[in-house]
Amino acid sequence: MIKFDKFYKIIANSKLSNWLEILPTQLTIWQRSSLHSKFIYWRNIVKNLPKITPYYLNLLNSVSAQGKTELCSSIKKDIKIMLRALMPWRKGPFNCYGIYIDTEWRSDFKWNRVLPHLSLLKGRTVLDVGCGNGYHLWRMIGAGAKLAIGIDPMALFLCQFEAIRKLLGQDQRVHMLPLGIEQLPKLAAFDTVFSMGVLYHRRSPLDHINQLKDQLVQYGELVIETIIIEGDDNQILVPYERYAQMRNVYCIPSIQLLIKWLTACGFIDVRAVHTCRTTPYEQRCTNWMTKNSLVNFLDPNNHKKTIEGHPAPIRSIIIARKP
């Protein structure tokens, strides 16, 4: 089992303490009944990784660690074999003692687009909803956050996160929980809440926005990064069956409509701060994610359309504040 005792102790005397009324039970139920069939295999990989304390840790410009001396070739080879057994790696990249995990997404590109527009993260408690394997959590700590918590129900992502954390010295400023946003009580305890790459996967986007709002302190900051469609405040795409081969894309709004939704949910100071087209340079197949990627999901004759004929992904960052 993955133990969460240290996390419980961290939040016991914080503004998150009320979470302890339900969280241990939720995580116990998850470990007993919601596990992927390969979870024990993945967990054992994490267990068998060596405990290493980095001599140099860089979370500001990347997620990378180095030792005082280079790892011997046999240990480095064993670590790489174990990390590759946790494929596919989607968010990253990570560089652990010279082992470069070249993930499907260049998530550092997204972070570099988001960071300049944030309120300073120094000393903040932050939540990343749908955090994947936790790449951005490490970057949030690098930007000064006091505590970064990610939630994502995928067991593989949790094991990838725990593997990286073990190699980075078991840092307790960063934690990931195998939960969905709908399982969180109304904590009203986070200074900044991130929802990046999640909104279009929600059947009810306004419910999702309100769930995010429920986690923020007064005057807290919400960061939404999502696929959008060009058009006015009445424009929305509801894909038929699939979007870029994804089955679970329910609706894609225009920027103007998304701003209207956020305003209707009670947010203030709502603004779009960055918009760009997703390219195969940012999302692609690698040796660490060998399945099909973005280029396979676009019209081969027109990369401005998906293979289904929908507008190809354009991503926007929206920032708002809870009054």
# chains A, B, ... in the order shown; residues from 1 in each chain; ligands from 1
>>> select_by_dssp(residues="range 49-282 of chain A", states="strand (DSSP E)", output="PyMOL selection string")
chain A and resi 56-58+64-66+94-96+99-101+125-129+147-151+174-177+190-196+216-228+236-237+252-253+268-277
>>> residues_around(residues="range 287-296 of chain A", least_positions_apart="3", cutoff="7 Å", atoms="only C-alpha atoms", output="PDB file with C-alpha atoms, in the first residue's frame")
ATOM      1  CA  ARG A  84      10.752   2.550 -18.203  1.00  0.00           C
ATOM      2  CA  MET A  87       5.634   3.816 -19.198  1.00  0.00           C
ATOM      3  CA  PRO A  88       3.896   5.597 -20.797  1.00  0.00           C
ATOM      4  CA  TRP A  89       5.242   8.864 -19.381  1.00  0.00           C
ATOM      5  CA  ARG A  90       3.011  11.708 -20.543  1.00  0.00           C
ATOM      6  CA  ILE A 101      12.650  11.012 -19.211  1.00  0.00           C
ATOM      7  CA  ASP A 102      11.535  12.483 -22.512  1.00  0.00           C
ATOM      8  CA  THR A 103       7.784  12.578 -21.973  1.00  0.00           C
ATOM      9  CA  GLU A 104       5.013  12.901 -24.546  1.00  0.00           C
ATOM     10  CA  PRO A 280       3.553  18.228 -32.574  1.00  0.00           C
ATOM     11  CA  GLN A 283       3.048  16.868 -27.843  1.00  0.00           C
ATOM     12  CA  ARG A 284       4.683  13.927 -29.612  1.00  0.00           C
TER      13      ARG A 284
END
>>> closest_atom_pairs(of="range 61-112 of chain A", to="range 158-166 of chain A", cutoff="12 Å", atoms="only C-alpha atoms", output="CSV")
residue,atom,partner,partner_atom,distance
A:Val63,CA,A:Ile164,CA,9.5
A:Ser64,CA,A:Ile164,CA,9.9
A:Ala65,CA,A:Ile164,CA,10.0
A:Ile79,CA,A:Ala163,CA,10.0
A:Lys80,CA,A:Ala163,CA,11.4
A:Met82,CA,A:Ala163,CA,9.3
A:Leu83,CA,A:Ala163,CA,7.7
A:Arg84,CA,A:Gln160,CA,10.2
A:Ala85,CA,A:Gln160,CA,10.0
A:Leu86,CA,A:Gln160,CA,6.6
A:Met87,CA,A:Gln160,CA,8.7
A:Pro88,CA,A:Gln160,CA,9.7
A:Trp89,CA,A:Gln160,CA,8.0
A:Arg90,CA,A:Gln160,CA,10.2
A:Lys91,CA,A:Gln160,CA,10.1
A:Gly92,CA,A:Ile164,CA,10.8
A:Pro93,CA,A:Ile164,CA,11.2
A:Phe94,CA,A:Ile164,CA,8.3
A:Asn95,CA,A:Ile164,CA,9.6
A:Cys96,CA,A:Ile164,CA,8.1
A:Tyr97,CA,A:Ile164,CA,11.3
A:Ile99,CA,A:Ile164,CA,11.5
A:Tyr100,CA,A:Ile164,CA,11.9
A:Ile101,CA,A:Ile164,CA,10.5
A:Thr103,CA,A:Gln160,CA,11.9
>>> write_last_selection(atoms="N, CA and C atoms", output="PDB file, in the first residue's frame")
ATOM      1  N   VAL A  63      12.763  20.024 -13.764  1.00  0.00           N
ATOM      2  CA  VAL A  63      12.687  19.078 -12.645  1.00  0.00           C
ATOM      3  C   VAL A  63      13.875  18.143 -12.822  1.00  0.00           C
ATOM      4  N   SER A  64      14.958  18.469 -12.173  1.00  0.00           N
ATOM      5  CA  SER A  64      16.195  17.718 -12.384  1.00  0.00           C
ATOM      6  C   SER A  64      16.957  17.593 -11.075  1.00  0.00           C
ATOM      7  N   ALA A  65      17.674  16.490 -10.937  1.00  0.00           N
ATOM      8  CA  ALA A  65      18.461  16.209  -9.742  1.00  0.00           C
ATOM      9  C   ALA A  65      19.805  15.632 -10.144  1.00  0.00           C
ATOM     10  N   ILE A  79      17.960   1.817 -12.506  1.00  0.00           N
ATOM     11  CA  ILE A  79      16.942   2.853 -12.308  1.00  0.00           C
ATOM     12  C   ILE A  79      16.201   3.114 -13.616  1.00  0.00           C
ATOM     13  N   LYS A  80      16.939   3.204 -14.693  1.00  0.00           N
ATOM     14  CA  LYS A  80      16.310   3.477 -15.988  1.00  0.00           C
ATOM     15  C   LYS A  80      15.359   2.352 -16.388  1.00  0.00           C
ATOM     16  N   MET A  82      13.718   0.386 -14.360  1.00  0.00           N
ATOM     17  CA  MET A  82      12.527   0.470 -13.516  1.00  0.00           C
ATOM     18  C   MET A  82      11.617   1.612 -13.940  1.00  0.00           C
ATOM     19  N   LEU A  83      12.200   2.759 -14.278  1.00  0.00           N
ATOM     20  CA  LEU A  83      11.389   3.895 -14.709  1.00  0.00           C
ATOM     21  C   LEU A  83      10.697   3.598 -16.043  1.00  0.00           C
ATOM     22  N   ARG A  84      11.369   2.893 -16.918  1.00  0.00           N
ATOM     23  CA  ARG A  84      10.752   2.550 -18.203  1.00  0.00           C
ATOM     24  C   ARG A  84       9.610   1.544 -18.024  1.00  0.00           C
ATOM     25  N   ALA A  85       9.651   0.773 -16.940  1.00  0.00           N
ATOM     26  CA  ALA A  85       8.554  -0.156 -16.662  1.00  0.00           C
ATOM     27  C   ALA A  85       7.289   0.574 -16.234  1.00  0.00           C
ATOM     28  N   LEU A  86       7.406   1.889 -15.955  1.00  0.00           N
ATOM     29  CA  LEU A  86       6.245   2.712 -15.602  1.00  0.00           C
ATOM     30  C   LEU A  86       5.702   3.485 -16.802  1.00  0.00           C
ATOM     31  N   MET A  87       6.145   3.149 -17.997  1.00  0.00           N
ATOM     32  CA  MET A  87       5.634   3.816 -19.198  1.00  0.00           C
ATOM     33  C   MET A  87       4.150   3.496 -19.385  1.00  0.00           C
ATOM     34  N   PRO A  88       3.413   4.401 -20.096  1.00  0.00           N
ATOM     35  CA  PRO A  88       3.896   5.597 -20.797  1.00  0.00           C
ATOM     36  C   PRO A  88       4.003   6.812 -19.873  1.00  0.00           C
ATOM     37  N   TRP A  89       5.042   7.607 -20.105  1.00  0.00           N
ATOM     38  CA  TRP A  89       5.242   8.864 -19.381  1.00  0.00           C
ATOM     39  C   TRP A  89       4.689   9.994 -20.242  1.00  0.00           C
ATOM     40  N   ARG A  90       3.685  10.684 -19.732  1.00  0.00           N
ATOM     41  CA  ARG A  90       3.011  11.708 -20.543  1.00  0.00           C
ATOM     42  C   ARG A  90       3.426  13.132 -20.188  1.00  0.00           C
ATOM     43  N   LYS A  91       3.554  13.451 -18.889  1.00  0.00           N
ATOM     44  CA  LYS A  91       3.927  14.819 -18.503  1.00  0.00           C
ATOM     45  C   LYS A  91       5.378  14.844 -18.031  1.00  0.00           C
ATOM     46  N   GLY A  92       6.074  15.896 -18.371  1.00  0.00           N
ATOM     47  CA  GLY A  92       7.479  16.036 -17.995  1.00  0.00           C
ATOM     48  C   GLY A  92       8.091  17.175 -18.806  1.00  0.00           C
ATOM     49  N   PRO A  93       9.405  17.129 -19.023  1.00  0.00           N
ATOM     50  CA  PRO A  93      10.353  16.029 -18.802  1.00  0.00           C
ATOM     51  C   PRO A  93      10.973  16.069 -17.405  1.00  0.00           C
ATOM     52  N   PHE A  94      11.626  14.952 -17.056  1.00  0.00           N
ATOM     53  CA  PHE A  94      12.376  14.833 -15.817  1.00  0.00           C
ATOM     54  C   PHE A  94      13.808  14.431 -16.152  1.00  0.00           C
ATOM     55  N   ASN A  95      14.732  14.909 -15.342  1.00  0.00           N
ATOM     56  CA  ASN A  95      16.137  14.514 -15.507  1.00  0.00           C
ATOM     57  C   ASN A  95      16.669  14.103 -14.134  1.00  0.00           C
ATOM     58  N   CYS A  96      16.761  12.799 -13.908  1.00  0.00           N
ATOM     59  CA  CYS A  96      17.183  12.269 -12.612  1.00  0.00           C
ATOM     60  C   CYS A  96      18.558  11.623 -12.743  1.00  0.00           C
ATOM     61  N   TYR A  97      19.579  12.338 -12.298  1.00  0.00           N
ATOM     62  CA  TYR A  97      20.942  11.810 -12.256  1.00  0.00           C
ATOM     63  C   TYR A  97      21.424  11.364 -13.639  1.00  0.00           C
ATOM     64  N   ILE A  99      19.489  10.510 -16.129  1.00  0.00           N
ATOM     65  CA  ILE A  99      18.461   9.729 -16.832  1.00  0.00           C
ATOM     66  C   ILE A  99      17.386  10.715 -17.274  1.00  0.00           C
ATOM     67  N   TYR A 100      17.285  10.937 -18.557  1.00  0.00           N
ATOM     68  CA  TYR A 100      16.352  11.938 -19.082  1.00  0.00           C
ATOM     69  C   TYR A 100      15.075  11.246 -19.519  1.00  0.00           C
ATOM     70  N   ILE A 101      13.965  11.569 -18.859  1.00  0.00           N
ATOM     71  CA  ILE A 101      12.650  11.012 -19.211  1.00  0.00           C
ATOM     72  C   ILE A 101      11.996  11.982 -20.180  1.00  0.00           C
ATOM     73  N   THR A 103       9.209  12.883 -22.024  1.00  0.00           N
ATOM     74  CA  THR A 103       7.784  12.578 -21.973  1.00  0.00           C
ATOM     75  C   THR A 103       7.056  13.027 -23.239  1.00  0.00           C
TER      76      THR A 103
END
>>> residues_around(residues="range 235-240 of chain A", least_positions_apart="6", cutoff="8 Å", atoms="only C-alpha atoms", output="list in words")
Ile229, Val249, Tyr250, Cys251, Ile252, Pro253, Ser254, Leu257 and His310 of chain A
>>> write_last_selection(atoms="N, CA, C and O atoms", output="mmCIF file, in the first residue's frame")
data_model
loop_
_atom_site.group_PDB
_atom_site.id
_atom_site.type_symbol
_atom_site.label_atom_id
_atom_site.label_comp_id
_atom_site.auth_asym_id
_atom_site.auth_seq_id
_atom_site.Cartn_x
_atom_site.Cartn_y
_atom_site.Cartn_z
ATOM 1 N N ILE A 229 -12.266 27.028 -28.657
ATOM 2 C CA ILE A 229 -12.611 27.147 -30.064
ATOM 3 C C ILE A 229 -12.744 28.631 -30.399
ATOM 4 O O ILE A 229 -13.147 29.435 -29.546
ATOM 5 N N VAL A 249 -14.127 13.938 -24.563
ATOM 6 C CA VAL A 249 -14.171 15.388 -24.723
ATOM 7 C C VAL A 249 -15.636 15.771 -24.939
ATOM 8 O O VAL A 249 -16.245 15.376 -25.930
ATOM 9 N N TYR A 250 -16.182 16.531 -23.996
ATOM 10 C CA TYR A 250 -17.629 16.769 -23.996
ATOM 11 C C TYR A 250 -18.014 18.119 -24.564
ATOM 12 O O TYR A 250 -19.045 18.236 -25.237
ATOM 13 N N CYS A 251 -17.226 19.160 -24.284
ATOM 14 C CA CYS A 251 -17.546 20.454 -24.870
ATOM 15 C C CYS A 251 -16.317 21.345 -24.833
ATOM 16 O O CYS A 251 -15.524 21.297 -23.884
ATOM 17 N N ILE A 252 -16.174 22.147 -25.888
ATOM 18 C CA ILE A 252 -15.053 23.069 -26.007
ATOM 19 C C ILE A 252 -15.632 24.460 -26.278
ATOM 20 O O ILE A 252 -16.195 24.708 -27.348
ATOM 21 N N PRO A 253 -15.527 25.382 -25.319
ATOM 22 C CA PRO A 253 -16.110 26.715 -25.497
ATOM 23 C C PRO A 253 -15.136 27.678 -26.157
ATOM 24 O O PRO A 253 -13.932 27.421 -26.233
ATOM 25 N N SER A 254 -15.646 28.809 -26.612
ATOM 26 C CA SER A 254 -14.784 29.922 -27.001
ATOM 27 C C SER A 254 -14.232 30.573 -25.739
ATOM 28 O O SER A 254 -14.741 30.356 -24.634
ATOM 29 N N LEU A 257 -16.980 32.677 -24.189
ATOM 30 C CA LEU A 257 -17.993 31.913 -23.476
ATOM 31 C C LEU A 257 -17.443 31.411 -22.141
ATOM 32 O O LEU A 257 -18.137 31.440 -21.120
ATOM 33 N N HIS A 310 -12.708 18.372 -36.911
ATOM 34 C CA HIS A 310 -12.927 19.478 -35.976
ATOM 35 C C HIS A 310 -11.741 20.442 -36.029
ATOM 36 O O HIS A 310 -10.649 20.078 -36.479
#
>>> closest_atom_pairs(of="range 111-209 of chain A", to="range 7-15 of chain A", cutoff="8 Å", atoms="only C-alpha atoms", output="JSON lines")
{"residue": "A:Gln172", "atom": "CA", "partner": "A:Phe7", "partner_atom": "CA", "distance": 7.7}
{"residue": "A:His175", "atom": "CA", "partner": "A:Phe7", "partner_atom": "CA", "distance": 7.2}
{"residue": "A:Ala189", "atom": "CA", "partner": "A:Lys15", "partner_atom": "CA", "distance": 5.9}
>>> select_by_dssp(residues="range 41-274 of chain A", states="alpha helix (DSSP H)", output="ChimeraX atom specification")
/A:41-48,73-84,107-114,135-142,155-167,205-215,255-264
>>> closest_residue(among="A:Met196, A:Leu177, A:Met1, A:Ile224", to="Ile40 in chain A", atoms="only C-alpha atoms")
A:Met1
>>> residues_around(residues="range 46-62 of chain A", least_positions_apart="2", cutoff="6 Å", atoms="only C-alpha atoms", output="list in words")
Arg43, Asn44, Ser64, Ala65, Gln66, Gly67, Lys68, Arg139, Gly142, Ala143, Ala163, Leu167 and Gly169 of chain A
>>> atom_distance(atom1="CA of Leu206 in chain A", atom2="CA of Glu182 in chain A")
12.7 Å
>>> residues_around(residues="Gly220 in chain A", least_positions_apart="2", cutoff="6 Å", atoms="only C-alpha atoms", output="number ranges by chain")
A: 191-192, 216-218, 321-322
>>> closest_residue(among="A:Asp128, A:Asp214, A:Asp5, A:Glu282", to="Leu20 in chain A", atoms="only C-alpha atoms")
A:Asp5
>>> residues_around(residues="Pro311 in chain A", least_positions_apart="6", cutoff="10 Å", atoms="only C-alpha atoms", output="number ranges by chain")
A: 228-230, 237, 243-244, 298-299, 303-305
>>> decode(residues="range 204-218 of chain A", atoms="N, CA and C atoms", output="PDB file, in the first residue's frame")
ATOM      1  N   SER A 204     -20.062  18.381 -17.136  1.00  0.00           N
ATOM      2  CA  SER A 204     -20.702  19.639 -16.742  1.00  0.00           C
ATOM      3  C   SER A 204     -19.614  20.648 -16.389  1.00  0.00           C
ATOM      4  N   PRO A 205     -19.208  21.480 -17.326  1.00  0.00           N
ATOM      5  CA  PRO A 205     -18.103  22.408 -17.059  1.00  0.00           C
ATOM      6  C   PRO A 205     -18.413  23.428 -15.967  1.00  0.00           C
ATOM      7  N   LEU A 206     -19.654  23.864 -15.861  1.00  0.00           N
ATOM      8  CA  LEU A 206     -19.979  24.824 -14.799  1.00  0.00           C
ATOM      9  C   LEU A 206     -19.894  24.183 -13.422  1.00  0.00           C
ATOM     10  N   ASP A 207     -20.290  22.922 -13.314  1.00  0.00           N
ATOM     11  CA  ASP A 207     -20.114  22.227 -12.044  1.00  0.00           C
ATOM     12  C   ASP A 207     -18.632  22.152 -11.692  1.00  0.00           C
ATOM     13  N   HIS A 208     -17.800  21.888 -12.682  1.00  0.00           N
ATOM     14  CA  HIS A 208     -16.357  21.819 -12.442  1.00  0.00           C
ATOM     15  C   HIS A 208     -15.826  23.171 -11.955  1.00  0.00           C
ATOM     16  N   ILE A 209     -16.256  24.233 -12.586  1.00  0.00           N
ATOM     17  CA  ILE A 209     -15.810  25.573 -12.178  1.00  0.00           C
ATOM     18  C   ILE A 209     -16.224  25.855 -10.738  1.00  0.00           C
ATOM     19  N   ASN A 210     -17.444  25.486 -10.375  1.00  0.00           N
ATOM     20  CA  ASN A 210     -17.896  25.708  -8.999  1.00  0.00           C
ATOM     21  C   ASN A 210     -17.134  24.838  -8.004  1.00  0.00           C
ATOM     22  N   GLN A 211     -16.780  23.620  -8.411  1.00  0.00           N
ATOM     23  CA  GLN A 211     -15.976  22.754  -7.538  1.00  0.00           C
ATOM     24  C   GLN A 211     -14.597  23.372  -7.299  1.00  0.00           C
ATOM     25  N   LEU A 212     -14.021  23.959  -8.322  1.00  0.00           N
ATOM     26  CA  LEU A 212     -12.734  24.636  -8.168  1.00  0.00           C
ATOM     27  C   LEU A 212     -12.866  25.831  -7.227  1.00  0.00           C
ATOM     28  N   LYS A 213     -13.945  26.576  -7.394  1.00  0.00           N
ATOM     29  CA  LYS A 213     -14.187  27.742  -6.550  1.00  0.00           C
ATOM     30  C   LYS A 213     -14.298  27.348  -5.081  1.00  0.00           C
ATOM     31  N   ASP A 214     -14.917  26.199  -4.821  1.00  0.00           N
ATOM     32  CA  ASP A 214     -15.105  25.731  -3.445  1.00  0.00           C
ATOM     33  C   ASP A 214     -13.780  25.438  -2.735  1.00  0.00           C
ATOM     34  N   GLN A 215     -12.707  25.271  -3.482  1.00  0.00           N
ATOM     35  CA  GLN A 215     -11.411  24.943  -2.866  1.00  0.00           C
ATOM     36  C   GLN A 215     -10.583  26.193  -2.551  1.00  0.00           C
ATOM     37  N   LEU A 216     -10.981  27.330  -3.068  1.00  0.00           N
ATOM     38  CA  LEU A 216     -10.192  28.550  -2.925  1.00  0.00           C
ATOM     39  C   LEU A 216     -10.530  29.334  -1.663  1.00  0.00           C
ATOM     40  N   VAL A 217      -9.504  29.941  -1.082  1.00  0.00           N
ATOM     41  CA  VAL A 217      -9.723  30.926  -0.026  1.00  0.00           C
ATOM     42  C   VAL A 217     -10.322  32.187  -0.662  1.00  0.00           C
ATOM     43  N   GLN A 218     -10.826  33.083   0.167  1.00  0.00           N
ATOM     44  CA  GLN A 218     -11.298  34.366  -0.346  1.00  0.00           C
ATOM     45  C   GLN A 218     -10.139  35.094  -1.016  1.00  0.00           C
TER      46      GLN A 218
END
